[in-house]
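Coordinates as given in data-v6.txt (compact mmCIF, C-alpha atoms):
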# COMPACT_ATOMS: atom_id res chain seq x y z
CA MET A 1 37.91 36.82 -44.36
CA ARG A 2 40.97 36.86 -42.16
CA LYS A 3 43.22 37.05 -45.21
CA ILE A 4 45.48 40.05 -45.48
CA TRP A 5 45.40 40.65 -49.25
CA TRP A 6 42.13 42.54 -49.45
CA LYS A 7 43.25 44.87 -46.66
CA ILE A 8 46.41 45.69 -48.58
CA LEU A 9 44.22 46.15 -51.68
CA CYS A 10 42.03 48.54 -49.70
CA ILE A 11 45.04 50.62 -48.63
CA VAL A 12 46.45 50.71 -52.17
CA ILE A 13 43.10 51.76 -53.66
CA ILE A 14 42.61 54.52 -51.12
CA PHE A 15 46.14 55.83 -51.74
CA TYR A 16 45.34 55.85 -55.46
CA VAL A 17 42.12 57.75 -54.74
CA ILE A 18 43.92 60.30 -52.56
CA VAL A 19 46.61 61.02 -55.16
CA MET A 20 44.38 60.91 -58.23
CA GLY A 21 41.57 62.66 -56.39
CA PHE A 22 43.74 65.69 -55.87
CA MET A 23 45.85 65.58 -58.98
CA GLY A 24 43.72 63.92 -61.67
CA PRO A 25 42.07 65.94 -64.42
CA VAL A 26 38.48 66.98 -63.74
CA PRO A 27 35.82 68.68 -65.86
CA HIS A 28 35.64 72.45 -65.49
CA LEU A 29 32.19 73.21 -64.12
CA PRO A 30 30.81 76.56 -62.96
CA ILE A 31 29.98 76.99 -59.24
CA LEU A 32 31.56 73.64 -58.42
CA ASN A 33 35.04 74.58 -59.66
CA GLU A 34 37.58 72.41 -57.87
CA THR A 35 35.03 71.05 -55.40
CA ILE A 36 33.97 68.54 -58.05
CA ARG A 37 36.75 66.45 -56.51
CA ASN A 38 34.48 65.90 -53.53
CA THR A 39 32.67 63.39 -55.72
CA TYR A 40 35.44 60.93 -54.91
CA PHE A 41 35.23 61.47 -51.20
CA HIS A 42 31.61 62.37 -50.45
CA VAL A 43 29.45 60.64 -53.06
CA ALA A 44 31.52 57.47 -52.90
CA LEU A 45 30.86 57.30 -49.14
CA TRP A 46 27.11 57.07 -49.70
CA LEU A 47 27.40 54.37 -52.32
CA ALA A 48 29.72 52.39 -50.06
CA MET A 49 27.21 52.83 -47.24
CA THR A 50 24.39 51.49 -49.41
CA THR A 51 26.45 48.46 -50.40
CA LEU A 52 27.36 47.71 -46.80
CA LEU A 53 23.72 48.01 -45.71
CA PHE A 54 22.69 45.68 -48.50
CA ALA A 55 25.29 43.13 -47.35
CA ALA A 56 24.04 43.54 -43.77
CA MET A 57 20.49 42.85 -44.91
CA ILE A 58 21.61 39.66 -46.65
CA PHE A 59 23.29 38.47 -43.46
CA SER A 60 20.12 39.29 -41.50
CA VAL A 61 18.15 37.10 -43.90
CA LYS A 62 20.78 34.40 -43.48
CA TYR A 63 20.47 34.63 -39.71
CA LEU A 64 16.69 34.25 -39.86
CA ARG A 65 17.06 31.22 -42.12
CA ALA A 66 19.69 29.32 -40.14
CA GLY A 67 19.72 30.94 -36.71
CA ARG A 68 23.51 31.10 -36.42
CA ILE A 69 24.59 33.92 -34.12
CA ASN A 70 27.68 34.62 -36.27
CA ASP A 71 25.49 35.88 -39.10
CA ASP A 72 23.90 38.35 -36.72
CA ASP A 73 27.34 39.55 -35.62
CA ILE A 74 28.27 40.20 -39.23
CA ALA A 75 24.99 41.96 -40.00
CA SER A 76 25.16 44.25 -36.99
CA GLU A 77 28.80 45.22 -37.46
CA LEU A 78 28.34 45.88 -41.18
CA THR A 79 25.42 48.10 -40.28
CA LYS A 80 27.54 49.93 -37.74
CA SER A 81 30.29 50.71 -40.23
CA ALA A 82 27.61 51.78 -42.71
CA ILE A 83 26.16 54.16 -40.12
CA PHE A 84 29.67 55.49 -39.55
CA PHE A 85 29.94 56.21 -43.27
CA GLY A 86 26.48 57.77 -43.20
CA ILE A 87 27.44 60.20 -40.45
CA LEU A 88 30.65 61.06 -42.33
CA GLY A 89 28.57 61.53 -45.48
CA CYS A 90 26.24 63.97 -43.73
CA VAL A 91 29.09 65.98 -42.25
CA THR A 92 31.13 66.13 -45.47
CA GLY A 93 27.96 66.93 -47.41
CA SER A 94 27.30 69.86 -45.09
CA ALA A 95 30.79 71.20 -45.61
CA TRP A 96 30.42 70.93 -49.37
CA ALA A 97 26.90 72.40 -49.41
CA ASN A 98 28.07 75.37 -47.38
CA PHE A 99 30.39 76.38 -50.20
CA THR A 100 28.35 75.49 -53.26
CA TRP A 101 24.73 75.99 -52.16
CA GLY A 102 25.48 78.63 -49.54
CA ASP A 103 23.91 76.77 -46.65
CA PRO A 104 25.22 73.86 -44.57
CA TRP A 105 21.76 72.28 -44.51
CA PRO A 106 19.51 73.55 -47.31
CA ASN A 107 16.07 72.00 -47.11
CA ASP A 108 16.79 69.65 -49.93
CA PRO A 109 14.70 66.45 -50.12
CA LYS A 110 17.79 64.30 -50.44
CA LEU A 111 19.41 65.76 -47.33
CA ASN A 112 16.30 65.39 -45.23
CA SER A 113 15.70 61.85 -46.38
CA ALA A 114 19.32 60.99 -45.62
CA ALA A 115 18.75 62.32 -42.11
CA VAL A 116 15.59 60.22 -41.77
CA CYS A 117 17.51 57.13 -42.88
CA LEU A 118 20.21 57.75 -40.33
CA LEU A 119 17.53 58.07 -37.65
CA ILE A 120 16.04 54.74 -38.76
CA TYR A 121 19.42 53.10 -38.33
CA PHE A 122 20.04 54.83 -34.99
CA ALA A 123 16.79 53.21 -33.89
CA TYR A 124 18.33 49.89 -34.98
CA LEU A 125 21.24 50.46 -32.60
CA LEU A 126 18.84 51.40 -29.84
CA LEU A 127 16.77 48.29 -30.48
CA ARG A 128 19.86 46.11 -30.29
CA SER A 129 20.96 47.57 -26.99
CA SER A 130 17.59 46.97 -25.37
CA PHE A 131 17.80 43.16 -25.23
CA GLU A 132 19.72 41.02 -22.81
CA ASP A 133 19.35 37.69 -24.55
CA ASP A 134 21.58 37.19 -27.61
CA GLN A 135 19.21 35.11 -29.71
CA ARG A 136 16.22 37.32 -28.98
CA ARG A 137 18.16 40.45 -29.83
CA ALA A 138 19.47 38.85 -33.01
CA ARG A 139 16.05 37.73 -34.21
CA ILE A 140 14.17 40.97 -33.65
CA SER A 141 16.93 43.22 -34.92
CA ALA A 142 17.36 41.04 -38.02
CA VAL A 143 13.69 41.56 -38.87
CA TYR A 144 14.05 45.28 -38.19
CA ASN A 145 17.17 45.45 -40.35
CA ILE A 146 15.38 43.93 -43.35
CA PHE A 147 12.53 46.41 -43.03
CA ALA A 148 14.95 49.29 -42.51
CA PHE A 149 16.77 48.49 -45.75
CA ALA A 150 13.47 48.14 -47.59
CA VAL A 151 12.60 51.67 -46.43
CA PHE A 152 16.10 53.05 -46.95
CA ILE A 153 16.25 52.54 -50.73
CA PRO A 154 12.97 54.31 -51.62
CA ILE A 155 13.60 57.13 -49.16
CA ILE A 156 17.11 57.94 -50.25
CA TYR A 157 17.10 57.01 -53.96
CA ILE A 158 13.52 57.20 -55.23
CA LEU A 159 11.64 59.90 -53.30
CA PRO A 160 14.17 62.71 -53.96
CA ARG A 161 13.87 61.98 -57.68
CA LEU A 162 10.15 62.65 -57.60
CA THR A 163 10.68 66.25 -56.53
CA ASP A 164 13.23 68.87 -57.36
CA SER A 165 16.47 68.42 -55.55
CA LEU A 166 19.72 70.32 -55.53
CA HIS A 167 21.53 67.06 -56.00
CA PRO A 168 22.35 66.26 -59.61
CA GLY A 169 20.50 63.33 -61.08
CA SER A 170 17.38 64.14 -59.07
CA GLY A 171 14.25 65.86 -60.25
CA GLY A 172 12.73 63.59 -62.83
CA ASN A 173 15.90 62.25 -64.34
CA ALA A 174 16.75 58.90 -62.94
CA THR A 175 20.10 58.32 -64.57
CA PHE A 176 23.64 59.21 -63.81
CA GLY A 177 23.91 60.66 -67.33
CA SER A 178 22.79 64.07 -66.15
CA PHE A 179 25.66 64.05 -63.72
CA ASP A 180 28.12 65.15 -66.36
CA PHE A 181 29.97 62.03 -65.47
CA ASP A 182 32.99 62.12 -67.67
CA SER A 183 35.47 59.30 -67.97
CA ASN A 184 38.16 61.09 -65.92
CA ILE A 185 35.85 61.10 -62.91
CA ARG A 186 34.80 57.50 -63.43
CA ARG A 187 38.42 56.38 -63.38
CA VAL A 188 38.77 57.53 -59.76
CA PHE A 189 35.16 57.35 -58.62
CA TYR A 190 34.61 53.62 -59.05
CA PRO A 191 37.87 52.64 -57.32
CA ALA A 192 36.91 55.06 -54.54
CA ILE A 193 33.64 53.18 -53.95
CA ILE A 194 35.46 49.84 -53.85
CA GLY A 195 38.09 51.25 -51.51
CA TYR A 196 35.47 52.57 -49.11
CA ILE A 197 33.52 49.31 -49.19
CA LEU A 198 36.70 47.40 -48.32
CA LEU A 199 37.50 49.87 -45.56
CA GLY A 200 34.03 49.46 -44.10
CA MET A 201 34.37 45.68 -44.29
CA TRP A 202 37.72 45.90 -42.54
CA LEU A 203 36.32 48.01 -39.70
CA ALA A 204 33.39 45.59 -39.37
CA GLU A 205 35.70 42.57 -39.47
CA LEU A 206 37.85 43.89 -36.61
CA ARG A 207 34.77 44.43 -34.48
CA ILE A 208 33.32 41.02 -35.36
CA ARG A 209 36.54 39.35 -34.27
CA ILE A 210 36.48 41.23 -30.98
CA LYS A 211 32.90 40.05 -30.49
CA VAL A 212 33.85 36.43 -31.23
CA ILE A 213 36.74 36.58 -28.77
CA LYS A 214 34.46 38.08 -26.14
CA ARG A 215 31.85 35.36 -26.63
CA PHE A 216 34.54 32.67 -26.47
CA ARG A 217 35.84 34.08 -23.18
CA GLU A 218 32.32 34.19 -21.75
CA GLU A 219 31.67 30.57 -22.68
CA GLU A 220 35.00 29.56 -21.19
CA PHE A 221 34.10 31.42 -18.01
CA ILE A 222 30.74 29.67 -17.75
CA GLU A 223 32.34 26.26 -18.38
CA SER A 224 34.98 26.85 -15.74
CA GLY A 225 32.20 27.78 -13.31
CA LEU A 226 30.38 24.50 -13.99
CA LYS A 227 33.41 22.33 -13.27
CA MET B 1 45.80 92.52 -90.82
CA LYS B 2 43.75 89.44 -91.37
CA ARG B 3 46.83 87.28 -91.31
CA VAL B 4 48.08 88.89 -88.13
CA SER B 5 44.81 88.29 -86.34
CA LEU B 6 44.80 84.70 -87.59
CA ILE B 7 48.30 84.17 -86.21
CA LEU B 8 47.24 85.78 -82.95
CA LEU B 9 44.22 83.53 -82.73
CA CYS B 10 46.39 80.49 -83.37
CA LEU B 11 48.80 81.58 -80.66
CA MET B 12 45.98 82.10 -78.21
CA VAL B 13 44.50 78.71 -78.90
CA MET B 14 47.87 77.00 -78.67
CA SER B 15 49.14 78.66 -75.55
CA GLY B 16 45.72 78.60 -73.91
CA ASN B 17 46.94 81.09 -71.37
CA LEU B 18 44.72 82.14 -68.54
CA PHE B 19 44.21 85.78 -69.33
CA ALA B 20 43.27 85.24 -72.94
CA GLN B 21 40.89 82.47 -71.93
CA ALA B 22 39.21 84.57 -69.31
CA ALA B 23 38.75 87.44 -71.76
CA ALA B 24 37.67 85.40 -74.75
CA ASP B 25 35.68 82.52 -73.36
CA PRO B 26 32.42 83.30 -71.54
CA ASN B 27 32.27 79.71 -70.31
CA TYR B 28 35.63 79.99 -68.60
CA VAL B 29 35.62 78.41 -65.16
CA PRO B 30 38.32 79.40 -62.68
CA MET B 31 40.19 76.40 -61.30
CA ALA B 32 43.13 76.22 -58.92
CA ASP B 33 45.58 75.82 -61.79
CA LYS B 34 48.14 78.14 -60.22
CA MET B 35 48.46 75.93 -57.17
CA ARG B 36 48.95 72.91 -59.41
CA GLU B 37 51.63 74.71 -61.43
CA ASP B 38 53.49 75.66 -58.27
CA GLY B 39 53.49 72.05 -57.18
CA LYS B 40 52.27 73.18 -53.77
CA ILE B 41 49.29 70.86 -54.08
CA TRP B 42 51.69 67.95 -53.62
CA VAL B 43 52.28 69.16 -50.07
CA VAL B 44 48.59 68.69 -49.36
CA VAL B 45 48.55 65.30 -51.06
CA ALA B 46 51.58 64.24 -49.02
CA VAL B 47 49.98 65.31 -45.75
CA VAL B 48 46.68 63.57 -46.46
CA ALA B 49 48.50 60.45 -47.64
CA LEU B 50 50.63 60.41 -44.49
CA VAL B 51 47.59 60.76 -42.26
CA PHE B 52 45.94 57.86 -44.03
CA ALA B 53 49.15 55.83 -43.86
CA GLY B 54 49.13 56.32 -40.10
CA ILE B 55 45.52 55.17 -39.84
CA ALA B 56 46.24 52.15 -42.05
CA ILE B 57 49.29 51.10 -40.03
CA ASN B 58 47.29 51.46 -36.85
CA MET B 59 44.51 49.25 -38.23
CA LEU B 60 47.01 46.64 -39.38
CA ARG B 61 48.54 46.58 -35.91
CA ILE B 62 45.13 46.04 -34.32
CA ASP B 63 44.61 43.26 -36.85
CA PHE B 64 47.82 41.49 -35.87
CA LYS B 65 47.11 41.88 -32.17
CA LEU B 66 43.69 40.29 -32.64
CA LYS B 67 45.32 37.47 -34.59
CA LYS B 68 47.66 36.82 -31.69
CA ILE B 69 44.80 36.67 -29.19
CA GLU B 70 42.87 34.36 -31.51
CA LYS B 71 45.88 32.06 -31.71
CA GLU B 72 46.14 31.94 -27.93
CA LEU B 73 42.46 31.08 -27.60
CA ASN B 74 42.51 28.62 -30.53
CA ILE B 75 39.68 30.29 -32.42
CA LYS B 76 39.61 28.78 -35.92

This structure in C-alpha cells:
Amino acid sequence: MRKIWWKILCIVIIFYVIVMGFMGPVPHLPILNETIRNTYFHVALWLAMTTLLFAAMIFSVKYLRAGRINDDDIASELTKSAIFFGILGCVTGSAWANFTWGDPWPNDPKLNSAAVCLLIYFAYLLLRSSFEDDQRRARISAVYNIFAFAVFIPIIYILPRLTDSLHPGSGGNATFGSFDFDSNIRRVFYPAIIGYILLGMWLAELRIRIKVIKRFREEEFIESGLK
Amino acid sequence: MKRVSLILLCLMVMSGNLFAQAAADPNYVPMADKMREDGKIWVVVAVVALVFAGIAINMLRIDFKLKKIEKELNIK
C-alpha cells in the first residue's frame, strides 16, 4: 500500500468533488434549497466511515486468525480514521440541521444512534489505551471491534428506519429511492464516497507506518541492550 | 388576444426568467442562481480547492519523509 497512485487518485477525486459539488446541477428541492450539496460532503462521510469500520473489522478477524500484530495495527488505525470521519459527520450534520431543521441537535433517532455509535468506538480507544502488553491489547480490542461493528450496523442503519426520522430514507422505507436521488447527484456522490474512503485509508496508512517505525526502533533498542 | 397570450407563454417558458417563474410556478424553489451567474461562486470554489491543495501537499510531504526514514531503517 505504499504506492503513490491511489493517493494521487484520492486528491484528484476530491478536487472533482469540490468543483462539481459547488458547481454541478442539483435538483431544486424546497427547504433544502442549495444545501442539498451537503449530500456530497456530509452523507458521503458517513458511508466512508462505515466502509472503513467494515475494513477494520475484517482486519480484526484476520488478527484473531493469524495473530500477526500488523493486522491489529491496520485495524486500529482504520478505526481511528473512521472515528475522525464520524466526529466530522456529527459536526457537519449539526451545522446542516441548524439551517434545515431549525435545531443543531433535534432528537432524531438517527442522530442519537450516531452519537451512541461514536461512544461505542470511543470506548474502543479507551480499551486500547488500558493495556501495556501489545498482544493482549490486540486480542481483546480485536474481539471488541468485531462486536462493536456488529452493533454499529443495526443501531445506525436499521433502528432509525423502524421509527420516524427526519433523515430521508428512514421511517419504514428502506431504500435510497425515497431520497430523490437523481443522476446528477449520483455523479458526484459516489466519487465523493470513494474519495473519502481513500483519504481515510491514507491517514490510517501514515499512522500505521509511524507505528511500524516506532516498533522497529524499540526492537533495535532492546537488541542493542542485550549485546 | 389568444395569440398574444400564447406568444407570451412561449416567451416565458423559453426565457425561464426568475420573476415569471416565481409568479407562475407554485413549486418554485429559490436557489442561489444569482451568485452562479455572477461567477462569484468560483471564488469560493478556488478558496476551498486551495485549502485542500495545501492539506494534500502537506500529507504528501509527510509521506515522503516517512519513506526516507523507512529507507534509513531498511523497513521493507

Next on the checklist: Could you tell me which residues of chain A sit within 7 Å of chain B when counting all atoms listed in the file, and give me the result as a ChimeraX atom specification?
Outcome noted: /A:11,15,18-19,22,28-30,33-34,206

Next on the checklist: Using all atoms listed in the file, which protein or nucleic acid residues come within 6 Å of Ala48 of chain A? Drop anything in the same chain fewer than 5 positions from it, and give the result as an NGL selection string.
Outcome noted: :A and (193 or 196-197)

Checklist entry - In Å to one decimal, how far is atom CA of Leu64 of chain A from atom CA of Arg139 of chain A? => result 6.7 Å

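Taking atom CA of Tyr40 of chain A as the reference point, atom CA of Gly21 of chain A is found at 6.5 Å.
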
Checklist entry - Hey, can you check how far atom CA of Cys90 of chain A sits from atom CA of Arg187 of chain A? => result 24.3 Å

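Proximity to Asn38 of chain A was assessed for A:Leu78, A:Asp103, A:Ile158, A:Phe189 counting only C-alpha atoms; the smallest distance is recorded for A:Phe189.
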
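You can rank A:Leu166, A:Val151, A:Ala192, A:Leu45 by their closest distance to Pro106 of chain A using all atoms listed in the file, and at the top of that list sits A:Leu166.
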
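Closest approach to Trp46 of chain A from the set A:Lys227, A:Lys110, A:Lys3, A:Arg215 is made by A:Lys110, with distances taken over all atoms listed in the file.
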
Next on the checklist: So that I can see what lies close to Phe84 of chain A, please list as a PyMOL selection string the residues with an atom at most 12 Å from it, counting all atoms listed in the file and leaving out residues fewer than 2 positions away in the same chain.
Outcome noted: chain A and resi 45-46+48-50+52-53+77-82+86-91+118+121-122+196+199-201+203-204
